[in-house]
$ cat final.tsv   # TSV, C-alpha atoms
chain	number	residue	atom	x	y	z
A	1	MET	CA	8.02	-2.48	9.92
A	2	GLU	CA	10.36	0.03	8.26
A	3	ASP	CA	9.28	3.58	7.44
A	4	ILE	CA	8.39	4.59	3.89
A	5	PRO	CA	11.17	6.91	2.67
A	6	SER	CA	9.91	10.27	1.49
A	7	TYR	CA	11.40	11.95	-1.58
A	8	LYS	CA	10.36	15.29	-2.99
A	9	ARG	CA	10.28	16.51	-6.55
A	10	LEU	CA	11.60	20.07	-6.73
A	11	PRO	CA	12.86	22.48	-9.36
A	12	LYS	CA	16.56	22.72	-10.28
A	13	ASP	CA	17.49	24.58	-7.10
A	14	CYS	CA	16.75	21.51	-4.96
A	15	ASN	CA	18.83	20.78	-1.85
A	16	ASP	CA	20.55	17.54	-0.81
A	17	SER	CA	17.40	15.98	0.67
A	18	ASP	CA	15.40	16.51	-2.54
A	19	ILE	CA	15.51	15.01	-6.02
A	20	HIS	CA	14.63	16.37	-9.42
A	21	ILE	CA	12.89	14.04	-11.89
A	22	GLN	CA	13.43	14.71	-15.60
A	23	ASP	CA	10.88	12.24	-17.02
A	24	SER	CA	7.86	12.70	-14.75
A	25	LEU	CA	5.70	10.37	-16.89
A	26	SER	CA	7.88	7.51	-15.65
A	27	VAL	CA	6.62	8.14	-12.11
A	28	THR	CA	4.04	5.38	-11.96
A	29	THR	CA	3.47	2.16	-10.08
A	30	ASN	CA	1.55	-1.08	-10.43
A	31	ASP	CA	1.84	-1.84	-6.69
A	32	PHE	CA	-1.92	-1.34	-6.28
A	33	ARG	CA	-4.62	-3.13	-8.30
A	34	ASN	CA	-7.14	-0.32	-7.90
A	35	GLU	CA	-8.09	2.64	-5.71
A	36	LYS	CA	-9.69	0.38	-3.11
A	37	HIS	CA	-6.40	-1.52	-2.75
A	38	LEU	CA	-4.51	1.80	-2.39
A	39	THR	CA	-6.88	3.13	0.28
A	40	GLN	CA	-6.76	-0.20	2.12
A	41	PHE	CA	-2.94	-0.05	2.17
A	42	ILE	CA	-3.03	3.51	3.52
A	43	ASP	CA	-5.68	2.61	6.11
A	44	GLU	CA	-3.61	-0.36	7.36
A	45	ASN	CA	-0.43	1.77	7.55
A	46	ILE	CA	-2.03	5.11	8.46
A	47	LYS	CA	0.32	6.21	11.26
A	48	ARG	CA	3.40	5.44	9.18
A	49	VAL	CA	1.99	7.11	6.04
A	50	VAL	CA	0.96	10.26	7.94
A	51	LYS	CA	4.41	10.56	9.49
A	52	THR	CA	6.64	9.68	6.54
A	53	VAL	CA	4.58	10.83	3.53
A	54	PHE	CA	2.61	13.79	4.91
A	55	GLY	CA	5.07	14.80	7.65
A	56	TYR	CA	2.64	15.15	10.56
A	57	THR	CA	1.80	13.49	13.88
A	58	TYR	CA	-1.25	11.22	13.57
A	59	ILE	CA	-4.20	11.52	15.97
A	60	SER	CA	-7.18	9.85	14.25
A	61	HIS	CA	-8.84	9.34	10.87
A	62	LYS	CA	-12.03	8.49	9.04
A	63	THR	CA	-12.29	6.83	5.66
A	64	GLU	CA	-15.00	7.86	3.19
A	65	ALA	CA	-15.77	10.89	5.38
A	66	GLU	CA	-18.82	12.92	4.39
A	67	ILE	CA	-18.10	16.54	3.55
A	68	GLY	CA	-20.74	19.26	3.77
A	69	ILE	CA	-24.37	19.19	4.81
A	70	ILE	CA	-26.54	16.46	3.34
A	71	GLN	CA	-30.20	17.39	2.86
A	72	LYS	CA	-32.81	14.66	3.28
A	73	ARG	CA	-34.94	13.86	0.27
A	74	LYS	CA	-38.72	13.67	0.43
A	75	GLY	CA	-39.68	10.61	2.37
A	76	GLY	CA	-36.76	11.02	4.79
A	77	ILE	CA	-34.17	9.11	2.75
A	78	ARG	CA	-30.66	10.55	2.97
A	79	PRO	CA	-28.73	10.41	-0.29
A	80	ARG	CA	-25.08	9.36	-0.24
A	81	GLY	CA	-23.15	12.57	0.30
A	82	ARG	CA	-19.88	13.70	-1.16
A	83	ARG	CA	-17.07	11.83	0.53
A	84	VAL	CA	-13.35	12.42	0.78
A	85	ASP	CA	-11.24	9.24	0.86
A	86	PHE	CA	-9.47	10.18	4.12
A	87	LEU	CA	-10.13	12.82	6.76
A	88	ILE	CA	-7.04	12.67	8.97
A	89	LYS	CA	-6.73	14.58	12.23
A	90	CYS	CA	-3.12	15.42	13.03
A	91	SER	CA	-1.65	17.45	15.88
A	92	GLU	CA	-0.77	20.23	13.43
A	93	LYS	CA	-3.54	20.12	10.78
A	94	THR	CA	-6.57	18.27	9.49
A	95	LEU	CA	-5.83	16.54	6.18
A	96	LEU	CA	-8.39	15.98	3.41
A	97	VAL	CA	-6.84	13.28	1.23
A	98	GLU	CA	-8.24	12.20	-2.13
A	99	THR	CA	-6.58	9.07	-3.51
A	100	LYS	CA	-6.34	8.14	-7.17
A	101	CYS	CA	-5.17	4.96	-8.86
A	102	PRO	CA	-5.99	6.32	-12.31
A	103	PHE	CA	-6.49	4.46	-15.54
A	104	TYR	CA	-6.42	7.80	-17.37
A	105	LEU	CA	-4.10	10.57	-16.16
A	106	ARG	CA	-6.89	13.14	-16.47
A	107	GLU	CA	-8.50	11.51	-13.41
A	108	ASN	CA	-5.82	13.29	-11.35
A	109	THR	CA	-6.72	16.64	-12.89
A	110	ALA	CA	-10.43	16.02	-12.21
A	111	ALA	CA	-9.57	15.34	-8.56
A	112	ILE	CA	-8.41	18.98	-8.24
A	113	GLY	CA	-12.04	20.11	-8.48
A	114	GLN	CA	-13.15	17.50	-5.96
A	115	LEU	CA	-10.55	18.63	-3.43
A	116	LEU	CA	-11.25	22.33	-3.89
A	117	ASP	CA	-14.97	21.70	-3.38
A	118	TYR	CA	-14.33	19.60	-0.25
A	119	GLY	CA	-11.99	22.28	1.07
A	120	ARG	CA	-14.62	24.99	0.54
A	121	GLU	CA	-17.16	23.08	2.62
A	122	PHE	CA	-14.76	21.90	5.33
A	123	LEU	CA	-14.43	24.99	7.51
A	124	ASP	CA	-11.38	24.11	9.64
A	125	PRO	CA	-8.83	26.87	8.89
A	126	LYS	CA	-5.96	24.44	9.61
A	127	LYS	CA	-6.97	22.05	6.83
A	128	GLU	CA	-4.64	20.80	4.12
A	129	LEU	CA	-5.77	19.35	0.78
A	130	ILE	CA	-3.78	16.40	-0.54
A	131	LEU	CA	-4.06	14.58	-3.87
A	132	LEU	CA	-2.29	11.24	-3.56
A	133	THR	CA	-1.84	9.23	-6.77
A	134	THR	CA	-0.16	6.14	-8.19
A	135	LYS	CA	0.53	7.83	-11.55
A	136	PHE	CA	2.08	11.28	-11.73
A	137	CYS	CA	0.48	13.57	-14.33
A	138	PRO	CA	2.60	16.58	-15.40
A	139	SER	CA	-0.53	18.41	-16.56
A	140	THR	CA	-2.07	18.15	-13.09
A	141	ALA	CA	1.12	19.52	-11.54
A	142	LYS	CA	1.17	22.42	-14.02
A	143	THR	CA	-2.44	23.29	-13.20
A	144	ILE	CA	-1.76	23.27	-9.44
A	145	GLU	CA	1.29	25.47	-9.96
A	146	PHE	CA	-0.25	27.83	-12.56
A	147	TYR	CA	-3.20	28.71	-10.32
A	148	ASN	CA	-1.14	28.41	-7.10
A	149	LEU	CA	-3.75	25.99	-5.74
A	150	PRO	CA	-3.60	24.99	-2.05
A	151	ILE	CA	-3.14	21.30	-2.93
A	152	ARG	CA	-0.21	19.02	-2.15
A	153	TYR	CA	0.32	16.60	-5.06
A	154	ILE	CA	1.97	13.34	-4.00
A	155	PHE	CA	2.89	10.14	-5.84
A	156	MET	CA	3.08	7.03	-3.66
A	157	ASP	CA	3.89	3.36	-4.11
A	158	MET	CA	4.51	0.73	-1.41
A	159	SER	CA	8.10	1.80	-0.80
A	160	LYS	CA	8.38	5.56	-1.46
A	161	SER	CA	6.61	8.82	-2.07
A	162	LEU	CA	7.41	11.77	-4.33
A	163	GLU	CA	5.88	15.18	-3.76
A	164	PHE	CA	5.56	17.84	-6.43
A	165	LYS	CA	6.85	21.18	-5.19
A	166	LYS	CA	5.83	24.46	-6.81
A	167	SER	CA	8.53	26.77	-8.15
A	168	LYS	CA	9.23	29.71	-5.94
$ encode --input "final.tsv" --output "structure tokens"
Amino acid sequence: MEDIPSYKRLPKDCNDSDIHIQDSLSVTTNDFRNEKHLTQFIDENIKRVVKTVFGYTYISHKTEAEIGIIQKRKGGIRPRGRRVDFLIKCSEKTLLVETKCPFYLRENTAAIGQLLDYGREFLDPKKELILLTTKFCPSTAKTIEFYNLPIRYIFMDMSKSLEFKKSK
């Protein structure tokens, strides 16, 4: 199986291995029917995705990993806790990956809060927060850049990935 090529979206001073996209609203895909289909694709190709899209060496992963401490309710029933789509252990870092196959672009922006909350509760200092989407939202990118948030914002379809890079 061939590797997924990785492309990066950078400002005008990009180098030969990077590309600059003028119409970022055109960065969208219909390769995945829904978020479940996207996460299934990633799960089935996890080693390849971690290497070519995220740039790390894969060790292990969990899907729908619980983040934080879950308190039992009265009667001993545990509620469903907050869950990140992928918790990926790599040789270099631990990745918290939230996937979105949004109907509305604002779903990407809402995912920023989810990731920041997960990151606050996940105490590993070598963690990296990743928002992976099938529809690029310029507003989400602007928010990440404006507040200098510790989130990697990546578009992915079945054949390539594009990563938003903050201006220097």
$ closest_residue --input "final.tsv" --among "A:Lys36, A:Lys126, A:Lys89, A:Arg83" --to "Tyr56 in chain A" --atoms "only C-alpha atoms"
A:Lys89
$ residues_around --input "final.tsv" --residues "Arg106 in chain A" --least-positions-apart "4" --cutoff "10 Å" --atoms "all atoms listed in the file" --output "ChimeraX atom specification"
/A:102,110-111,137,139-140
$ write_last_selection --input "final.tsv" --atoms "C-alpha atoms" --output "compact mmCIF listing (two decimals), keeping the file's coordinate frame"
# COMPACT_ATOMS: atom_id res chain seq x y z
CA PRO A 102 -5.99 6.32 -12.31
CA ALA A 110 -10.43 16.02 -12.21
CA ALA A 111 -9.57 15.34 -8.56
CA CYS A 137 0.48 13.57 -14.33
CA SER A 139 -0.53 18.41 -16.56
CA THR A 140 -2.07 18.15 -13.09
$ atom_distance --input "final.tsv" --atom1 "CA of Gly68 in chain A" --atom2 "CA of Glu121 in chain A"
5.4 Å
$ atom_distance --input "final.tsv" --atom1 "CA of Thr29 in chain A" --atom2 "CA of Glu163 in chain A"
14.7 Å
$ residues_around --input "final.tsv" --residues "Ser60 in chain A" --least-positions-apart "2" --cutoff "12 Å" --atoms "all atoms listed in the file" --output "VMD selection string"
chain A and resid 43 46 to 47 50 56 to 58 62 to 63 86 to 91 93 to 95
$ atom_distance --input "final.tsv" --atom1 "CA of Phe136 in chain A" --atom2 "CA of Val84 in chain A"
19.9 Å
$ build_atoms --input "final.tsv" --residues "range 97-119 of chain A" --atoms "N, CA and C atoms" --output "mmCIF file, in the frame of the given file"
data_model
loop_
_atom_site.group_PDB
_atom_site.id
_atom_site.type_symbol
_atom_site.label_atom_id
_atom_site.label_comp_id
_atom_site.auth_asym_id
_atom_site.auth_seq_id
_atom_site.Cartn_x
_atom_site.Cartn_y
_atom_site.Cartn_z
ATOM 1 N N VAL A 97 -7.650 14.008 2.198
ATOM 2 C CA VAL A 97 -6.840 13.280 1.230
ATOM 3 C C VAL A 97 -7.729 12.555 0.235
ATOM 4 N N GLU A 98 -7.554 12.893 -1.033
ATOM 5 C CA GLU A 98 -8.240 12.200 -2.130
ATOM 6 C C GLU A 98 -7.209 11.309 -2.799
ATOM 7 N N THR A 99 -7.509 10.013 -2.897
ATOM 8 C CA THR A 99 -6.580 9.070 -3.510
ATOM 9 C C THR A 99 -7.029 8.726 -4.920
ATOM 10 N N LYS A 100 -6.057 8.531 -5.787
ATOM 11 C CA LYS A 100 -6.340 8.140 -7.170
ATOM 12 C C LYS A 100 -5.372 7.051 -7.606
ATOM 13 N N CYS A 101 -5.927 6.026 -8.204
ATOM 14 C CA CYS A 101 -5.170 4.960 -8.860
ATOM 15 C C CYS A 101 -5.693 4.984 -10.302
ATOM 16 N N PRO A 102 -5.298 6.012 -11.058
ATOM 17 C CA PRO A 102 -5.990 6.320 -12.310
ATOM 18 C C PRO A 102 -5.668 5.384 -13.474
ATOM 19 N N PHE A 103 -6.678 5.150 -14.269
ATOM 20 C CA PHE A 103 -6.490 4.460 -15.540
ATOM 21 C C PHE A 103 -6.078 5.505 -16.578
ATOM 22 N N TYR A 104 -6.748 6.662 -16.522
ATOM 23 C CA TYR A 104 -6.420 7.800 -17.370
ATOM 24 C C TYR A 104 -5.815 8.896 -16.489
ATOM 25 N N LEU A 105 -4.752 9.537 -16.945
ATOM 26 C CA LEU A 105 -4.100 10.570 -16.160
ATOM 27 C C LEU A 105 -5.020 11.750 -15.844
ATOM 28 N N ARG A 106 -5.998 12.005 -16.704
ATOM 29 C CA ARG A 106 -6.890 13.140 -16.470
ATOM 30 C C ARG A 106 -7.741 12.955 -15.194
ATOM 31 N N GLU A 107 -7.789 11.740 -14.679
ATOM 32 C CA GLU A 107 -8.500 11.510 -13.410
ATOM 33 C C GLU A 107 -7.843 12.309 -12.286
ATOM 34 N N ASN A 108 -6.513 12.469 -12.346
ATOM 35 C CA ASN A 108 -5.820 13.290 -11.350
ATOM 36 C C ASN A 108 -6.249 14.738 -11.455
ATOM 37 N N THR A 109 -6.329 15.250 -12.684
ATOM 38 C CA THR A 109 -6.720 16.640 -12.890
ATOM 39 C C THR A 109 -8.163 16.855 -12.415
ATOM 40 N N ALA A 110 -9.035 15.911 -12.667
ATOM 41 C CA ALA A 110 -10.430 16.020 -12.210
ATOM 42 C C ALA A 110 -10.513 16.049 -10.682
ATOM 43 N N ALA A 111 -9.582 15.386 -10.025
ATOM 44 C CA ALA A 111 -9.570 15.340 -8.560
ATOM 45 C C ALA A 111 -9.291 16.715 -7.951
ATOM 46 N N ILE A 112 -8.661 17.617 -8.723
ATOM 47 C CA ILE A 112 -8.410 18.980 -8.240
ATOM 48 C C ILE A 112 -9.741 19.638 -7.865
ATOM 49 N N GLY A 113 -10.728 19.525 -8.743
ATOM 50 C CA GLY A 113 -12.040 20.110 -8.480
ATOM 51 C C GLY A 113 -12.712 19.492 -7.262
ATOM 52 N N GLN A 114 -12.590 18.174 -7.136
ATOM 53 C CA GLN A 114 -13.150 17.500 -5.960
ATOM 54 C C GLN A 114 -12.550 18.082 -4.688
ATOM 55 N N LEU A 115 -11.223 18.147 -4.636
ATOM 56 C CA LEU A 115 -10.550 18.630 -3.430
ATOM 57 C C LEU A 115 -10.894 20.082 -3.121
ATOM 58 N N LEU A 116 -10.914 20.926 -4.134
ATOM 59 C CA LEU A 116 -11.250 22.330 -3.890
ATOM 60 C C LEU A 116 -12.670 22.467 -3.359
ATOM 61 N N ASP A 117 -13.589 21.665 -3.864
ATOM 62 C CA ASP A 117 -14.970 21.700 -3.380
ATOM 63 C C ASP A 117 -15.047 21.200 -1.938
ATOM 64 N N TYR A 118 -14.352 20.101 -1.623
ATOM 65 C CA TYR A 118 -14.330 19.600 -0.250
ATOM 66 C C TYR A 118 -13.745 20.650 0.691
ATOM 67 N N GLY A 119 -12.649 21.268 0.258
ATOM 68 C CA GLY A 119 -11.990 22.280 1.070
ATOM 69 C C GLY A 119 -12.869 23.484 1.347
#
